[in-house]
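Undergrad: Structure file input31.txt, compact mmCIF, C-alpha atoms, is pasted below:
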# COMPACT_ATOMS: atom_id res chain seq x y z
CA GLY A 1 39.81 -1.60 -30.40
CA LEU A 2 37.21 -2.46 -27.78
CA LYS A 3 38.14 -4.80 -24.98
CA GLY A 4 35.88 -7.36 -23.37
CA ALA A 5 32.70 -8.92 -24.66
CA LEU A 6 29.91 -7.30 -26.64
CA LEU A 7 26.71 -8.39 -24.95
CA CYS A 8 23.34 -8.44 -26.65
CA SER A 9 20.69 -6.43 -24.78
CA THR A 10 17.90 -8.54 -26.22
CA VAL A 11 19.01 -11.92 -24.94
CA ALA A 12 20.55 -11.87 -21.47
CA GLY A 13 24.19 -12.90 -21.35
CA PHE A 14 24.69 -13.52 -25.06
CA GLU A 15 27.88 -12.38 -26.72
CA VAL A 16 27.79 -10.82 -30.17
CA LEU A 17 29.98 -12.91 -32.44
CA GLY A 18 30.05 -11.50 -35.97
CA GLU A 19 29.39 -14.17 -38.58
CA GLY A 20 27.68 -16.39 -36.04
CA CYS A 21 24.92 -13.82 -35.62
CA LYS A 22 23.42 -13.92 -39.12
CA ASN A 23 20.29 -15.95 -38.41
CA CYS A 24 19.03 -14.22 -35.27
CA ARG A 25 15.51 -12.79 -35.38
CA PHE A 26 16.49 -9.64 -33.45
CA GLN A 27 17.43 -6.57 -35.48
CA ASN A 28 18.43 -2.93 -34.81
CA ILE A 29 18.87 -3.22 -31.06
CA PHE A 30 21.34 -1.86 -28.56
CA ILE A 31 24.33 -3.65 -27.12
CA LYS A 32 26.26 -2.69 -24.03
CA ILE A 33 30.00 -3.03 -23.67
CA THR A 34 31.73 -4.72 -20.76
CA ASP A 35 35.31 -4.71 -19.59
CA ASP A 36 37.51 -7.81 -19.38
CA LYS A 37 35.83 -8.83 -16.13
CA GLY A 38 32.30 -8.53 -17.48
CA LYS A 39 31.49 -5.27 -15.72
CA LEU A 40 29.46 -2.73 -17.69
CA THR A 41 31.48 0.28 -18.83
CA GLY A 42 28.34 2.30 -19.47
CA GLU A 43 29.14 2.79 -23.15
CA VAL A 44 26.29 1.94 -25.52
CA LYS A 45 26.57 1.17 -29.21
CA GLU A 46 23.89 0.47 -31.81
CA ILE A 47 24.54 -2.14 -34.46
CA SER A 48 22.24 -2.84 -37.42
CA PRO A 49 21.64 -5.64 -38.15
CA LEU A 50 22.55 -7.29 -34.87
CA SER A 51 22.25 -10.96 -34.08
CA VAL A 52 23.40 -13.36 -31.42
CA THR A 53 24.50 -16.97 -31.33
CA ARG A 54 22.07 -19.37 -29.70
CA LYS A 55 23.66 -20.71 -26.56
CA LYS A 56 21.82 -22.44 -23.73
CA ARG A 57 20.70 -19.55 -21.54
CA PRO A 58 17.51 -19.04 -19.50
CA PHE A 59 14.64 -16.98 -20.92
CA LEU A 60 15.85 -16.71 -24.51
CA ASP A 61 12.29 -16.84 -25.79
CA TYR A 62 10.54 -14.64 -23.22
CA ILE A 63 10.05 -10.88 -23.20
CA TYR A 64 8.16 -8.52 -20.89
CA ILE A 65 5.36 -6.33 -22.32
CA ALA A 66 5.07 -3.27 -20.08
CA SER A 67 1.63 -2.18 -21.33
CA ARG A 68 0.22 -5.63 -20.57
CA SER A 69 2.15 -6.05 -17.30
CA SER A 70 2.83 -9.58 -18.54
CA PHE A 71 5.53 -11.79 -19.97
CA TYR A 72 5.24 -13.17 -23.51
CA ASP A 73 6.51 -16.48 -24.90
CA LEU A 74 8.00 -15.74 -28.33
CA LYS A 75 8.32 -19.38 -29.28
CA ASN A 76 4.72 -20.40 -28.57
CA ASN A 77 3.05 -17.00 -29.07
CA HIS A 78 1.17 -16.63 -25.82
CA TYR A 79 1.27 -14.63 -22.59
CA ILE A 80 2.58 -16.06 -19.35
CA THR A 81 1.25 -15.08 -15.94
CA ASP A 82 3.56 -13.93 -13.17
CA LYS A 83 2.89 -17.25 -11.45
CA GLY A 84 3.94 -19.21 -14.53
CA MET A 85 7.05 -17.08 -15.03
CA THR A 86 8.01 -17.47 -11.38
CA ALA A 87 7.86 -21.26 -11.81
CA LEU A 88 10.19 -20.99 -14.82
CA ILE A 89 12.64 -18.83 -12.88
CA ASP A 90 12.62 -21.23 -9.94
CA ALA A 91 13.39 -24.11 -12.29
CA GLU A 92 16.11 -22.34 -14.30
CA ILE A 93 17.83 -20.09 -11.74
CA GLY A 94 16.42 -20.64 -8.28
CA PRO A 95 13.90 -19.04 -5.91
CA ARG A 96 16.15 -16.12 -4.99
CA PHE A 97 15.92 -14.62 -8.48
CA THR A 98 12.62 -12.68 -8.55
CA LEU A 99 10.48 -11.29 -11.36
CA ARG A 100 11.45 -7.79 -10.31
CA ARG A 101 15.13 -8.62 -10.70
CA LEU A 102 14.48 -10.16 -14.10
CA ARG A 103 12.62 -7.09 -15.40
CA ALA A 104 15.33 -4.81 -14.01
CA ASP A 105 18.15 -6.79 -15.63
CA PRO A 106 19.82 -4.43 -18.17
CA PHE A 107 20.08 -7.25 -20.70
CA TYR A 108 16.52 -8.54 -20.40
CA THR A 109 14.11 -7.55 -23.19
CA VAL A 110 11.34 -5.21 -22.08
CA CYS A 111 8.94 -3.91 -24.74
CA GLN A 112 6.36 -1.19 -24.29
CA GLU A 113 3.62 -2.36 -26.66
CA MET A 114 2.58 -5.17 -28.99
CA VAL A 115 2.16 -3.83 -32.54
CA TYR A 116 1.47 -5.27 -36.00
CA ASP A 117 3.66 -3.65 -38.64
CA PRO A 118 4.15 -5.69 -41.85
CA SER A 119 6.19 -2.91 -43.45
CA THR A 120 9.31 -4.13 -41.64
CA SER A 121 10.88 -7.47 -40.83
CA GLN A 122 12.19 -6.16 -37.52
CA ARG A 123 10.71 -7.89 -34.48
CA PHE A 124 11.72 -5.04 -32.16
CA ILE A 125 10.82 -1.55 -33.39
CA LYS A 126 12.35 1.48 -31.72
CA LYS A 127 9.69 3.90 -30.52
CA ASP A 128 9.50 7.31 -32.20
CA ASP A 129 10.66 9.10 -29.06
CA GLY A 130 13.64 6.75 -28.77
CA ASN A 131 12.56 5.46 -25.38
CA GLY A 132 12.40 1.70 -25.65
CA PHE A 133 10.97 -0.72 -28.18
CA ASP A 134 7.67 -2.22 -29.29
CA PHE A 135 7.37 -5.88 -30.22
CA ASN A 136 6.24 -6.47 -33.81
CA MET A 137 3.77 -9.39 -34.02
CA SER A 138 3.86 -9.35 -37.82
CA PRO A 139 6.15 -12.24 -38.77
CA SER A 140 9.09 -11.75 -41.07
CA ASN A 141 8.11 -13.65 -44.21
CA GLU A 142 10.51 -12.71 -46.96
CA ILE A 143 9.35 -13.94 -50.37
CA GLU A 144 11.31 -13.23 -53.51
CA LEU A 145 8.92 -11.79 -56.09
CA VAL A 146 8.84 -13.55 -59.45
CA ASP A 147 7.64 -11.72 -62.58
CA GLU A 148 5.69 -14.62 -64.06
CA ASN A 149 2.03 -15.29 -64.64
CA PRO A 150 0.71 -17.48 -61.76
CA THR A 151 -1.12 -19.81 -64.12
CA ILE A 152 -2.02 -22.54 -61.62
CA HIS A 153 -3.52 -20.00 -59.22
CA LEU A 154 -5.49 -18.17 -61.90
CA ASP A 155 -6.83 -21.45 -63.30
CA HIS A 156 -8.10 -22.40 -59.84
CA MET A 157 -9.84 -19.04 -59.47
CA GLU A 158 -11.66 -19.63 -62.77
CA TYR A 159 -12.56 -23.19 -61.75
CA MET A 160 -14.02 -22.19 -58.39
CA PHE A 161 -15.58 -18.92 -59.54
CA PRO A 162 -16.67 -19.25 -63.17
CA LYS A 163 -18.75 -16.05 -62.88
CA SER A 164 -16.49 -13.08 -63.41
CA VAL A 165 -18.35 -10.97 -60.84
CA ASP A 166 -17.78 -13.60 -58.12
CA ARG A 167 -14.17 -14.07 -59.14
CA LYS A 168 -13.51 -10.32 -58.97
CA ILE A 169 -15.00 -10.06 -55.46
CA VAL A 170 -12.77 -12.84 -54.15
CA MET A 171 -9.62 -11.64 -55.92
CA ASP A 172 -10.21 -8.04 -54.80
CA PHE A 173 -10.50 -9.28 -51.22
CA ILE A 174 -7.30 -11.35 -51.47
CA CYS A 175 -5.43 -8.50 -53.14
CA PHE A 176 -6.40 -6.02 -50.43
CA ILE A 177 -5.30 -8.46 -47.71
CA ILE A 178 -1.90 -9.00 -49.35
CA ARG A 179 -1.31 -5.30 -49.94
CA HIS A 180 -2.69 -4.09 -46.60
CA PRO A 181 -2.58 -6.85 -43.98
CA GLU A 182 -2.58 -4.21 -41.24
CA LYS A 183 -5.91 -2.68 -42.35
CA VAL A 184 -9.47 -3.86 -41.73
CA THR A 185 -12.47 -4.33 -44.03
CA ALA A 186 -16.08 -3.57 -43.10
CA TYR A 187 -17.26 -6.97 -44.36
CA GLY A 188 -16.16 -10.58 -44.53
CA LEU A 189 -16.27 -13.13 -47.34
CA LEU A 190 -18.32 -16.34 -47.14
CA ILE A 191 -17.57 -19.10 -49.66
CA HIS A 192 -19.87 -22.11 -49.60
CA GLY A 193 -19.89 -25.12 -51.87
CA ASN A 194 -19.20 -28.84 -52.11
CA ASP A 195 -16.34 -30.27 -50.10
CA GLY A 196 -13.22 -31.13 -52.08
CA ILE A 197 -13.28 -28.19 -54.50
CA GLY A 198 -10.40 -26.28 -52.89
CA LYS A 199 -11.92 -23.82 -50.41
CA SER A 200 -9.12 -24.46 -47.90
CA TYR A 201 -6.61 -23.34 -50.54
CA PHE A 202 -7.12 -19.71 -49.52
CA PHE A 203 -6.13 -20.40 -45.93
CA LYS A 204 -2.91 -22.08 -47.07
CA LEU A 205 -2.18 -19.40 -49.67
CA LEU A 206 -2.51 -16.42 -47.33
CA GLY A 207 -0.57 -18.25 -44.63
CA LYS A 208 2.34 -18.70 -47.04
CA ILE A 209 2.31 -15.05 -48.11
CA LEU A 210 1.63 -13.31 -44.79
CA GLY A 211 3.18 -15.87 -42.47
CA ASP A 212 1.38 -18.59 -40.54
CA ARG A 213 1.14 -16.45 -37.40
CA SER A 214 -0.90 -13.82 -39.27
CA VAL A 215 -3.52 -16.25 -40.60
CA TYR A 216 -5.54 -18.19 -38.06
CA SER A 217 -8.15 -20.95 -38.25
CA VAL A 218 -10.69 -20.26 -35.51
CA LYS A 219 -12.44 -23.21 -33.89
CA GLN A 220 -16.07 -23.30 -32.82
CA ASP A 221 -15.23 -23.63 -29.13
CA GLN A 222 -13.05 -20.51 -29.33
CA LEU A 223 -15.98 -18.52 -30.66
CA GLU A 224 -18.25 -19.73 -27.90
CA SER A 225 -15.65 -19.02 -25.21
CA ASN A 226 -15.37 -15.71 -23.38
CA PHE A 227 -11.60 -15.75 -23.95
CA SER A 228 -10.41 -13.94 -27.08
CA GLY A 229 -6.61 -14.10 -27.02
CA TRP A 230 -6.61 -15.62 -30.51
CA MET A 231 -7.64 -12.21 -31.93
CA GLU A 232 -4.34 -10.49 -31.12
CA GLY A 233 -1.70 -10.38 -33.83
CA ILE A 234 -3.68 -11.98 -36.66
CA ALA A 235 -4.56 -10.31 -39.95
CA VAL A 236 -6.94 -12.97 -41.33
CA GLY A 237 -9.38 -15.20 -39.48
CA PHE A 238 -10.80 -18.33 -41.14
CA PHE A 239 -14.00 -19.93 -39.88
CA GLU A 240 -15.37 -23.26 -41.07
CA GLU A 241 -19.00 -24.25 -40.55
CA ILE A 242 -19.59 -21.32 -38.21
CA TYR A 243 -23.34 -22.02 -38.09
CA ALA A 244 -24.32 -25.36 -36.56
CA GLY A 245 -27.89 -26.47 -35.92
CA ASN A 246 -30.09 -23.60 -34.81
CA ARG A 247 -27.45 -21.79 -32.76
CA LEU A 248 -26.87 -18.18 -33.80
CA THR A 249 -24.67 -17.20 -30.87
CA ALA A 250 -21.32 -17.78 -32.58
CA MET A 251 -22.36 -16.07 -35.82
CA ASN A 252 -23.79 -13.02 -34.07
CA LYS A 253 -20.70 -12.76 -31.90
CA ILE A 254 -18.27 -12.73 -34.79
CA LEU A 255 -20.42 -10.41 -36.93
CA SER A 256 -20.17 -7.81 -34.19
CA SER A 257 -16.39 -7.91 -34.63
CA VAL A 258 -16.28 -7.77 -38.44
CA ASP A 259 -16.56 -3.99 -38.67
CA ALA A 260 -15.49 -3.11 -35.12
CA SER A 261 -12.70 -0.55 -34.72
CA LYS A 262 -11.40 -2.22 -31.55
CA ASN A 263 -11.28 -5.76 -30.17
CA THR A 264 -11.31 -6.46 -26.46
CA ILE A 265 -8.79 -9.15 -25.57
CA ASN A 266 -9.69 -11.39 -22.66
CA ILE A 267 -6.95 -13.82 -21.62
CA LYS A 268 -7.09 -15.95 -18.52
CA GLN A 269 -5.33 -14.29 -15.56
CA ILE A 270 -4.25 -11.33 -17.74
CA PRO A 271 -6.00 -7.94 -17.37
CA ASP A 272 -8.35 -7.22 -20.31
CA PHE A 273 -7.05 -4.78 -22.91
CA GLN A 274 -8.16 -3.36 -26.25
CA ILE A 275 -6.36 -3.45 -29.60
CA ASP A 276 -7.07 -2.07 -33.06
CA ASN A 277 -9.12 -4.50 -35.13
CA ILE A 278 -7.16 -5.56 -38.25
CA ILE A 279 -8.83 -8.94 -38.85
CA LYS A 280 -10.25 -9.75 -42.27
CA TYR A 281 -12.81 -12.57 -42.12
CA PHE A 282 -13.17 -15.64 -44.35
CA PHE A 283 -16.10 -18.00 -43.74
CA LEU A 284 -16.02 -21.43 -45.41
CA SER A 285 -18.89 -23.90 -45.50
CA ASN A 286 -20.05 -27.06 -47.27
CA SER A 287 -23.68 -26.36 -46.40
CA PRO A 288 -26.15 -25.04 -49.00
CA LYS A 289 -27.54 -22.84 -46.19
CA PRO A 290 -24.37 -21.85 -44.35
CA ILE A 291 -25.80 -19.11 -42.13
CA ILE A 292 -29.10 -17.76 -40.84
CA ILE A 293 -29.34 -13.99 -40.80
CA GLN A 294 -31.81 -12.27 -38.55
CA GLY A 295 -33.50 -9.07 -39.59
CA GLY A 296 -33.13 -9.36 -43.38
CA LEU A 297 -30.19 -7.95 -45.35
CA GLU A 298 -26.72 -8.44 -43.88
CA ARG A 299 -24.21 -5.87 -45.15
CA ARG A 300 -21.23 -7.40 -43.36
CA ILE A 301 -20.95 -10.59 -45.44
CA SER A 302 -20.45 -11.09 -49.16
CA VAL A 303 -21.68 -14.58 -50.07
CA ILE A 304 -20.05 -16.53 -52.90
CA ASP A 305 -22.05 -19.61 -53.96
CA CYS A 306 -19.96 -22.51 -55.31
CA GLN A 307 -22.67 -25.17 -54.93
CA ASN A 308 -22.66 -25.97 -58.64
CA ILE A 309 -18.92 -26.55 -58.86
CA GLU A 310 -18.24 -30.27 -59.30
CA LYS A 311 -15.21 -31.95 -57.77
CA LYS A 312 -12.36 -32.59 -60.19
CA GLY A 313 -12.58 -36.29 -59.38
CA ILE A 314 -16.31 -36.43 -60.19
CA LEU A 315 -15.76 -34.60 -63.45
CA ALA A 316 -13.06 -37.09 -64.44
CA GLU A 317 -15.32 -40.02 -63.53
CA ASN A 318 -18.17 -38.64 -65.66
CA ILE A 319 -15.90 -38.16 -68.66
CA ALA A 320 -14.48 -41.69 -68.28
CA ARG A 321 -17.95 -43.24 -67.91
CA ASP A 322 -19.19 -41.51 -71.07
CA ALA A 323 -16.11 -42.64 -72.98
CA ASN A 324 -16.28 -46.24 -71.74
CA PRO A 325 -19.59 -47.43 -70.21
CA GLU A 326 -17.95 -50.80 -69.40
CA LEU A 327 -15.81 -49.33 -66.61
CA THR A 328 -16.60 -50.68 -63.15
CA ALA A 329 -17.33 -48.56 -60.08
CA GLU A 330 -13.89 -49.45 -58.76
CA ASP A 331 -12.29 -48.28 -62.01
CA LEU A 332 -14.16 -45.00 -61.88
CA THR A 333 -13.23 -44.39 -58.25
CA LYS A 334 -9.57 -44.93 -59.09
CA ILE A 335 -9.79 -42.52 -62.03
CA GLY A 336 -11.46 -39.92 -59.81
CA LYS A 337 -8.80 -40.16 -57.11
CA GLU A 338 -5.98 -39.86 -59.63
CA ALA A 339 -7.61 -36.80 -61.24
CA HIS A 340 -8.10 -35.18 -57.82
CA LYS A 341 -4.45 -35.71 -56.90
CA LYS A 342 -3.21 -34.55 -60.30
CA TYR A 343 -5.07 -31.26 -59.92
CA PHE A 344 -4.51 -30.42 -56.25
CA ALA A 345 -0.92 -31.61 -55.77
CA PRO A 346 0.60 -28.80 -57.87
CA LEU A 347 -2.00 -26.31 -56.59
CA PHE A 348 -0.86 -26.77 -52.97
CA ASP A 349 2.83 -27.00 -53.89
CA PHE A 350 3.57 -23.35 -53.24
CA LYS A 351 7.34 -23.60 -53.42
CA ASN A 352 7.62 -22.74 -57.10
CA GLN A 353 4.66 -20.37 -57.43
CA ILE A 354 4.30 -18.27 -54.26
CA GLY A 355 6.69 -15.58 -55.55
CA ALA A 356 4.69 -15.22 -58.76
CA ILE A 357 1.35 -15.11 -56.89
CA LYS A 358 2.53 -12.43 -54.47
CA ASN A 359 4.03 -10.37 -57.31
CA TYR A 360 0.78 -10.66 -59.26
CA TYR A 361 -1.35 -9.22 -56.45
CA LEU A 362 1.19 -6.57 -55.48
CA ASN A 363 2.18 -5.30 -58.91
CA VAL A 364 -0.08 -6.66 -61.66
CA TYR A 365 -3.65 -7.09 -60.45
CA LYS A 366 -5.77 -3.95 -60.78
CA LEU A 367 -7.65 -3.27 -57.56
CA GLU A 368 -10.33 -0.98 -58.96
CA ASP A 369 -13.59 0.20 -57.35
CA PHE A 370 -12.80 -1.68 -54.16
CA ASP A 371 -14.07 -0.01 -50.99
CA PRO A 372 -12.85 -1.78 -47.84
CA HIS A 373 -15.15 0.37 -45.72
CA GLY A 374 -18.30 -0.04 -47.83
CA ASP A 375 -21.10 -2.60 -47.69
CA ALA A 376 -20.39 -6.13 -48.84
CA PRO A 377 -20.65 -6.52 -52.65
CA TYR A 378 -23.82 -8.24 -53.85
CA THR A 379 -23.78 -11.57 -55.66
CA ASP A 380 -26.55 -13.74 -57.12
Could you render the structure from this file as structure tokens?

TA:
Amino acid sequence: GLKGALLCSTVAGFEVLGEGCKNCRFQNIFIKITDDKGKLTGEVKEISPLSVTRKKRPFLDYIYIASRSSFYDLKNNHYITDKGMTALIDAEIGPRFTLRRLRADPFYTVCQEMVYDPSTSQRFIKKDDGNGFDFNMSPSNEIELVDENPTIHLDHMEYMFPKSVDRKIVMDFICFIIRHPEKVTAYGLLIHGNDGIGKSYFFKLLGKILGDRSVYSVKQDQLESNFSGWMEGIAVGFFEEIYAGNRLTAMNKILSSVDASKNTINIKQIPDFQIDNIIKYFFLSNSPKPIIIQGGLERRISVIDCQNIEKKGILAENIARDANPELTAEDLTKIGKEAHKKYFAPLFDFKNQIGAIKNYYLNVYKLEDFDPHGDAPYTD
């Protein structure tokens, strides 16, 4: 019985159009009702779930974060300075439309805080006091659980970690991350071994389960930089070959963050701010001596040694050579490549196994005697 358009308060100027709203990322937000001429009547309704059709409108993918006094680009996941936002406004609307007018627009999205809450798929979470919303940086990553044994995954764990004690340490760590992506551990996990044995698998796996935005591969230059924007909104940080040459700066810097309660975020032209530390750390290396630790025992890293694990291709070549000494080097290389592909192609094809893997760690795997706040477990 309502007259006029239903306008979405999350995306300025968008009409709410029933079936056409199914795929919108915005949920549980307010709409305001206009009369036939587009004037606000003042009546407010809440619809859950609420979505909007994607029409060409300015600033669809930008919100304002009040606690940061900055705009945020939802599409590219980074902050935008007032200067940068002013340039966008000038290009889209014109110089007469100011930042102040944009923030005051009743249909423009203003959030109070950036939070990380994996317990909900909602991107905008209503604050407990009902005054405004927080923006949820945890991506919605719905995976249908499958009650099957994840055989391919478990076989790879036994291949990479033949010692049960090593395997348990790694699987405990993965299980805790999947069950509690919003919580921190007091130590990180370092896996070092030959290249080509599947160390990068864990980065891909956790990215599929938690969402790519929650799992981040940190580059060496980012560690050496004073800027730390990459630390906001991620649950797992992966570092490859963190120690290079005789430089300890990067390693010491990241170790100080492993068990920190807060991280200071430094972004160019944005005022510094602090956030709760929720990052779990994976270190991957091909080097037999991946890190140098000063001062003796390091309780913030559990080291898993995979140096004795042979590549699947090498193993296949050795078996073929023993069976037929007449094979040429070219023949053996071909056999090795085919064996490598045969093993890793299904391992990295997560489409038909990710539901079973997630179900296994959520509902089957027994996380016993695991202390996320204790010292790193010892290995050989």

Undergrad: Suppose you want the space between atom CA of Asn136 of chain A and atom CA of Arg123 of chain A; what is it in Å?

TA: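 It comes out at 4.7 Å.
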
Undergrad: Taking all atoms listed in the file into account, name the residue in A:Ile209, A:Ile265, A:Ile254, A:Ala87 that is nearest to Ser228 of chain A.

TA: A:Ile265

Undergrad: Between A:Lys127, A:Lys75, A:His156, A:Arg299, which one has atoms that come closest to Pro346 of chain A, using all atoms listed in the file?

TA: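 Nearest to Pro346 of chain A: A:His156.
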
Undergrad: Counting all atoms listed in the file, figure out which residue out of A:Ala329, A:Ile178, A:Ala186, A:Met160 gets nearest to Tyr201 of chain A.

TA: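 So, comparing all the options, the nearest one is A:Met160.
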
Undergrad: Of the residues A:Phe282, A:Val184, A:Asp166, A:Asp221, which is the one nearest to Phe202 of chain A, using only C-alpha atoms?

TA: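 With only C-alpha atoms as the atom set, the closest residue is A:Phe282.
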
Undergrad: I'd like to know which of A:Ile354, A:Leu74, A:Ile314, A:Leu99 is closest to Ile335 of chain A, using only C-alpha atoms.

TA: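 Using only C-alpha atoms, Ile335 of chain A sits closest to A:Ile314.
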
Undergrad: Which is closer to Asn194 of chain A than all the others in A:Glu310, A:Glu144, A:Asp349, A:Asp128, using only C-alpha atoms?

TA: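 Using only C-alpha atoms, Asn194 of chain A sits closest to A:Glu310.
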
Undergrad: Would you pick out the contacts of Lys168 of chain A at 12 Å or less, using all atoms listed in the file, so that residues sharing its chain but fewer than 6 positions from it are not included, and give the list as a PyMOL selection string?

TA: chain A and resi 154+157-158+160-162+174-176+304+365-370+377-379

Undergrad: Write to file, as an mmCIF file, in the frame of the given file, the residues of the selection just made, with C-alpha atoms.

TA:
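Printed below is out21.cif as written:
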data_model
loop_
_atom_site.group_PDB
_atom_site.id
_atom_site.type_symbol
_atom_site.label_atom_id
_atom_site.label_comp_id
_atom_site.auth_asym_id
_atom_site.auth_seq_id
_atom_site.Cartn_x
_atom_site.Cartn_y
_atom_site.Cartn_z
ATOM 1 C CA LEU A 154 -5.490 -18.170 -61.900
ATOM 2 C CA MET A 157 -9.840 -19.040 -59.470
ATOM 3 C CA GLU A 158 -11.660 -19.630 -62.770
ATOM 4 C CA MET A 160 -14.020 -22.190 -58.390
ATOM 5 C CA PHE A 161 -15.580 -18.920 -59.540
ATOM 6 C CA PRO A 162 -16.670 -19.250 -63.170
ATOM 7 C CA ILE A 174 -7.300 -11.350 -51.470
ATOM 8 C CA CYS A 175 -5.430 -8.500 -53.140
ATOM 9 C CA PHE A 176 -6.400 -6.020 -50.430
ATOM 10 C CA ILE A 304 -20.050 -16.530 -52.900
ATOM 11 C CA TYR A 365 -3.650 -7.090 -60.450
ATOM 12 C CA LYS A 366 -5.770 -3.950 -60.780
ATOM 13 C CA LEU A 367 -7.650 -3.270 -57.560
ATOM 14 C CA GLU A 368 -10.330 -0.980 -58.960
ATOM 15 C CA ASP A 369 -13.590 0.200 -57.350
ATOM 16 C CA PHE A 370 -12.800 -1.680 -54.160
ATOM 17 C CA PRO A 377 -20.650 -6.520 -52.650
ATOM 18 C CA TYR A 378 -23.820 -8.240 -53.850
ATOM 19 C CA THR A 379 -23.780 -11.570 -55.660
#
